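*Asks:* Dropping a structure here in structure tokens format, bear with me for questions.
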Amino acid sequence: MAGAGADRVNIDYRGTAYTISLGAGSDALTINGSSFNFSTGPAGGIQLTDFEAGDAGDKLLLNSYLVNTLQGWDQNSNPFATGHLKLVQDGSSTLLQVDRDGAAGTASSFFTLATFQNTNAATLSAQNLGGYTAPTATGTAGADVFTGSAAQDVINGGAGDDVFFCSRAATTPLSADPAMTVSISGRR
């Protein structure tokens with residue numbers, strides 16, 4: 001556990017389970033790692049118990065890990081846009097998931113690298129995610145219409161009778177698309 005103030009925590013992630021409490025202050029967690037076979041996903045993930053979302057909050061620094069782990073990533077493109085990373089809302093927590101070969105590859109699939117406990121995906125900013133922006137949209141109390149992109153979008157409809165249009169490759173049936181994750185909560 002980190003203390004009060006602006007702490008820097010570095011871990012060398014090799015699939016081991018970690019539970020990390022960053023404490024008060026704007027902290028930076030750097031994830032280093034080496035490239036190894038994630039064909040079945042890592043043995044454990046990183047549980048972040050008190051990650052503070054928002055521009056003034058904590059930072060998850062991923063670049064070293066991404067450089068050593070991702071395949072087909074040019075190190076300049078947003079890894080959310082290339083299908084290497086995505087955020088998934090899982091109850092009250094947000095999962096940061098990684099696909100080693102991204103949307104262009106078929107050799108690997110998404111696994112959970114980090115769990116932001118008690119964090120809404122829509123509250124995580126580029127500042128929190130190593131400078132990378134996850135595509136997000138947030139609705140209103142009224143009826144909203146959302147059209148997703150080919151990237152890994154996070155869409156929070158809010159209240160109201162919302163309509164969602166999701167994008168995928170035209171030749172891929174929805175049931176066979178591993179990149180398509182739909183999570184609906186609330187009124188159906």
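Starting from 1 in every chain, residues are counted up; chains themselves are A, B, ... following the order of the structure tokens, and ligands are numbered from 1 as listed.
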Can you tell me which residues surround Gln47 of chain A at a distance of at most 8 Å, considering only C-alpha atoms, apart from same-chain residues fewer than 3 positions away, and format the answer as an MDAnalysis selection string?

*Replies:* chainID A and resid 17:20 114:117

*Asks:* From segment 53-92 of chain A, collect each residue whose DSSP state is strand (DSSP E or B) and return the set as a PDB file with all heavy atoms, in the first residue's frame.

*Replies:*
```
ATOM      1  N   LYS A  59      -2.614   7.760 -11.834  1.00  0.00           N
ATOM      2  CA  LYS A  59      -2.176   7.465 -13.209  1.00  0.00           C
ATOM      3  C   LYS A  59      -1.730   6.013 -13.290  1.00  0.00           C
ATOM      4  O   LYS A  59      -1.000   5.530 -12.425  1.00  0.00           O
ATOM      5  CB  LYS A  59      -1.006   8.360 -13.600  1.00  0.00           C
ATOM      6  CG  LYS A  59      -1.310   9.829 -13.592  1.00  0.00           C
ATOM      7  CD  LYS A  59      -0.043  10.641 -13.853  1.00  0.00           C
ATOM      8  CE  LYS A  59      -0.293  12.106 -13.718  1.00  0.00           C
ATOM      9  NZ  LYS A  59      -0.381  12.561 -12.343  1.00  0.00           N
ATOM     10  N   LEU A  60      -2.150   5.340 -14.340  1.00  0.00           N
ATOM     11  CA  LEU A  60      -1.680   4.000 -14.660  1.00  0.00           C
ATOM     12  C   LEU A  60      -0.780   4.148 -15.879  1.00  0.00           C
ATOM     13  O   LEU A  60      -1.251   4.483 -16.972  1.00  0.00           O
ATOM     14  CB  LEU A  60      -2.860   3.076 -14.956  1.00  0.00           C
ATOM     15  CG  LEU A  60      -2.539   1.620 -15.212  1.00  0.00           C
ATOM     16  CD1 LEU A  60      -1.906   0.986 -13.984  1.00  0.00           C
ATOM     17  CD2 LEU A  60      -3.813   0.872 -15.583  1.00  0.00           C
ATOM     18  N   LEU A  61       0.522   3.964 -15.704  1.00  0.00           N
ATOM     19  CA  LEU A  61       1.500   4.155 -16.777  1.00  0.00           C
ATOM     20  C   LEU A  61       1.816   2.798 -17.389  1.00  0.00           C
ATOM     21  O   LEU A  61       2.407   1.934 -16.744  1.00  0.00           O
ATOM     22  CB  LEU A  61       2.745   4.849 -16.229  1.00  0.00           C
ATOM     23  CG  LEU A  61       2.460   6.184 -15.520  1.00  0.00           C
ATOM     24  CD1 LEU A  61       3.721   6.745 -14.889  1.00  0.00           C
ATOM     25  CD2 LEU A  61       1.830   7.173 -16.485  1.00  0.00           C
ATOM     26  N   LEU A  85      -6.558  -2.668 -26.377  1.00  0.00           N
ATOM     27  CA  LEU A  85      -7.068  -2.414 -25.032  1.00  0.00           C
ATOM     28  C   LEU A  85      -8.555  -2.103 -25.100  1.00  0.00           C
ATOM     29  O   LEU A  85      -9.040  -1.552 -26.092  1.00  0.00           O
ATOM     30  CB  LEU A  85      -6.365  -1.208 -24.392  1.00  0.00           C
ATOM     31  CG  LEU A  85      -4.874  -1.256 -24.151  1.00  0.00           C
ATOM     32  CD1 LEU A  85      -4.396   0.056 -23.533  1.00  0.00           C
ATOM     33  CD2 LEU A  85      -4.490  -2.427 -23.262  1.00  0.00           C
ATOM     34  N   LYS A  86      -9.255  -2.450 -24.026  1.00  0.00           N
ATOM     35  CA  LYS A  86     -10.639  -2.018 -23.885  1.00  0.00           C
ATOM     36  C   LYS A  86     -10.986  -1.954 -22.407  1.00  0.00           C
ATOM     37  O   LYS A  86     -10.357  -2.610 -21.568  1.00  0.00           O
ATOM     38  CB  LYS A  86     -11.619  -2.940 -24.622  1.00  0.00           C
ATOM     39  CG  LYS A  86     -11.813  -4.314 -24.008  1.00  0.00           C
ATOM     40  CD  LYS A  86     -12.859  -5.099 -24.792  1.00  0.00           C
ATOM     41  CE  LYS A  86     -13.033  -6.510 -24.250  1.00  0.00           C
ATOM     42  NZ  LYS A  86     -14.071  -7.235 -24.994  1.00  0.00           N
ATOM     43  N   LEU A  87     -11.960  -1.117 -22.098  1.00  0.00           N
ATOM     44  CA  LEU A  87     -12.514  -1.025 -20.757  1.00  0.00           C
ATOM     45  C   LEU A  87     -13.861  -1.720 -20.765  1.00  0.00           C
ATOM     46  O   LEU A  87     -14.657  -1.544 -21.686  1.00  0.00           O
ATOM     47  CB  LEU A  87     -12.700   0.435 -20.342  1.00  0.00           C
ATOM     48  CG  LEU A  87     -11.442   1.275 -20.191  1.00  0.00           C
ATOM     49  CD1 LEU A  87     -11.808   2.719 -19.850  1.00  0.00           C
ATOM     50  CD2 LEU A  87     -10.522   0.700 -19.109  1.00  0.00           C
ATOM     51  N   VAL A  88     -14.122  -2.511 -19.725  1.00  0.00           N
ATOM     52  CA  VAL A  88     -15.387  -3.221 -19.595  1.00  0.00           C
ATOM     53  C   VAL A  88     -15.946  -2.918 -18.217  1.00  0.00           C
ATOM     54  O   VAL A  88     -15.260  -3.125 -17.212  1.00  0.00           O
ATOM     55  CB  VAL A  88     -15.186  -4.748 -19.761  1.00  0.00           C
ATOM     56  CG1 VAL A  88     -16.492  -5.488 -19.527  1.00  0.00           C
ATOM     57  CG2 VAL A  88     -14.617  -5.075 -21.133  1.00  0.00           C
ATOM     58  N   GLN A  89     -17.179  -2.424 -18.169  1.00  0.00           N
ATOM     59  CA  GLN A  89     -17.833  -2.208 -16.884  1.00  0.00           C
ATOM     60  C   GLN A  89     -18.318  -3.557 -16.370  1.00  0.00           C
ATOM     61  O   GLN A  89     -19.025  -4.274 -17.063  1.00  0.00           O
ATOM     62  CB  GLN A  89     -19.006  -1.235 -17.039  1.00  0.00           C
ATOM     63  CG  GLN A  89     -19.562  -0.733 -15.730  1.00  0.00           C
ATOM     64  CD  GLN A  89     -18.572   0.149 -14.986  1.00  0.00           C
ATOM     65  OE1 GLN A  89     -17.978   1.050 -15.570  1.00  0.00           O
ATOM     66  NE2 GLN A  89     -18.409  -0.106 -13.698  1.00  0.00           N
ATOM     67  N   ASP A  90     -17.913  -3.927 -15.174  1.00  0.00           N
ATOM     68  CA  ASP A  90     -18.286  -5.203 -14.560  1.00  0.00           C
ATOM     69  C   ASP A  90     -18.866  -4.900 -13.187  1.00  0.00           C
ATOM     70  O   ASP A  90     -18.123  -4.816 -12.200  1.00  0.00           O
ATOM     71  CB  ASP A  90     -17.051  -6.112 -14.458  1.00  0.00           C
ATOM     72  CG  ASP A  90     -17.384  -7.493 -13.919  1.00  0.00           C
ATOM     73  OD1 ASP A  90     -18.556  -7.919 -14.038  1.00  0.00           O
ATOM     74  OD2 ASP A  90     -16.481  -8.140 -13.366  1.00  0.00           O
TER      75      ASP A  90
END
```

*Asks:* Find the spatial neighbours of Phe51 of chain A, counting only C-alpha atoms, within a cut-off of 9 Å - ignore same-chain residues fewer than 2 positions away - and output them as a list in words.

*Replies:*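 Once the adjacent positions are removed, what remains is Ile20, Ser21, Leu22, Gly23, Asp27, Leu48, Thr49, Ala53, Gly57, Asp58, Lys59, Phe116, Gln117, Asn118 and Thr119 of chain A.
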
*Asks:* Now that the selection is made, can you save its residues with C-alpha atoms as a PDB file, in the first residue's frame?

*Replies:*
```pdb
ATOM      1  CA  ILE A  20      -2.688  -2.503  -4.739  1.00  0.00           C
ATOM      2  CA  SER A  21      -4.006   0.356  -2.595  1.00  0.00           C
ATOM      3  CA  LEU A  22      -2.542   3.662  -3.700  1.00  0.00           C
ATOM      4  CA  GLY A  23      -3.817   5.753  -0.806  1.00  0.00           C
ATOM      5  CA  ASP A  27      -0.254   8.529  -7.435  1.00  0.00           C
ATOM      6  CA  LEU A  48      -6.661  -1.557  -7.727  1.00  0.00           C
ATOM      7  CA  THR A  49      -8.693  -1.015  -4.580  1.00  0.00           C
ATOM      8  CA  ALA A  53     -10.389   8.527 -11.495  1.00  0.00           C
ATOM      9  CA  GLY A  57      -6.500  11.476  -9.870  1.00  0.00           C
ATOM     10  CA  ASP A  58      -4.124   8.537 -10.110  1.00  0.00           C
ATOM     11  CA  LYS A  59      -2.176   7.465 -13.209  1.00  0.00           C
ATOM     12  CA  PHE A 116     -10.405  -0.718 -10.985  1.00  0.00           C
ATOM     13  CA  GLN A 117     -12.626  -1.567  -8.016  1.00  0.00           C
ATOM     14  CA  ASN A 118     -15.645   0.683  -7.439  1.00  0.00           C
ATOM     15  CA  THR A 119     -14.872   2.738 -10.542  1.00  0.00           C
TER      16      THR A 119
END
```

*Asks:* Neighbouring residues of Ala104 of chain A were defined as those with any atom within 9 Å, considering only C-alpha atoms; residues of the same chain fewer than 6 positions away were excluded. Please report them as an MDAnalysis selection string.

*Replies:* chainID A and resid 72 82:83

*Asks:* For a quick check of understanding, using only C-alpha atoms, which of A:Ile11, A:Leu96, A:Ala143, A:Ala121 has the smallest distance to Val163 of chain A?

*Replies:* A:Ala143

*Asks:* What's the separation between atom CA of Asn10 of chain A and atom CA of Ala107 of chain A, in Å to one decimal place?

*Replies:*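 Atom-to-atom, atom CA of Asn10 of chain A to atom CA of Ala107 of chain A, that is 29.2 Å.
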
*Asks:* Measuring between only C-alpha atoms, which one of A:Asn120, A:Leu113, A:Ser77, A:Gly105 shows the shortest distance to Gly91 of chain A?

*Replies:* A:Asn120

*Asks:* Looking at A:Ser64, A:Ala122, A:Gly160, A:Phe111, which one is nearest to Ser92 of chain A, with distances taken over only C-alpha atoms?

*Replies:*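 Closest to Ser92 of chain A of all the choices is A:Ala122.
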
*Asks:* Record the distance separating atom CA of Leu124 of chain A and atom CA of Tyr65 of chain A, expressed in Å with one decimal.

*Replies:*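 Atom CA of Leu124 of chain A sits 19.2 Å away from atom CA of Tyr65 of chain A.
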
*Asks:* A:Thr94, A:Ser109, A:Thr133, A:Asn32: which is nearest Pro79 of chain A, counting only C-alpha atoms?

*Replies:* A:Thr133

*Asks:* So how many Å separate atom CA of Asn128 of chain A and atom CA of Ala159 of chain A, to one decimal?

*Replies:*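 Result for atom CA of Asn128 of chain A versus atom CA of Ala159 of chain A: 26.2 Å, one decimal.
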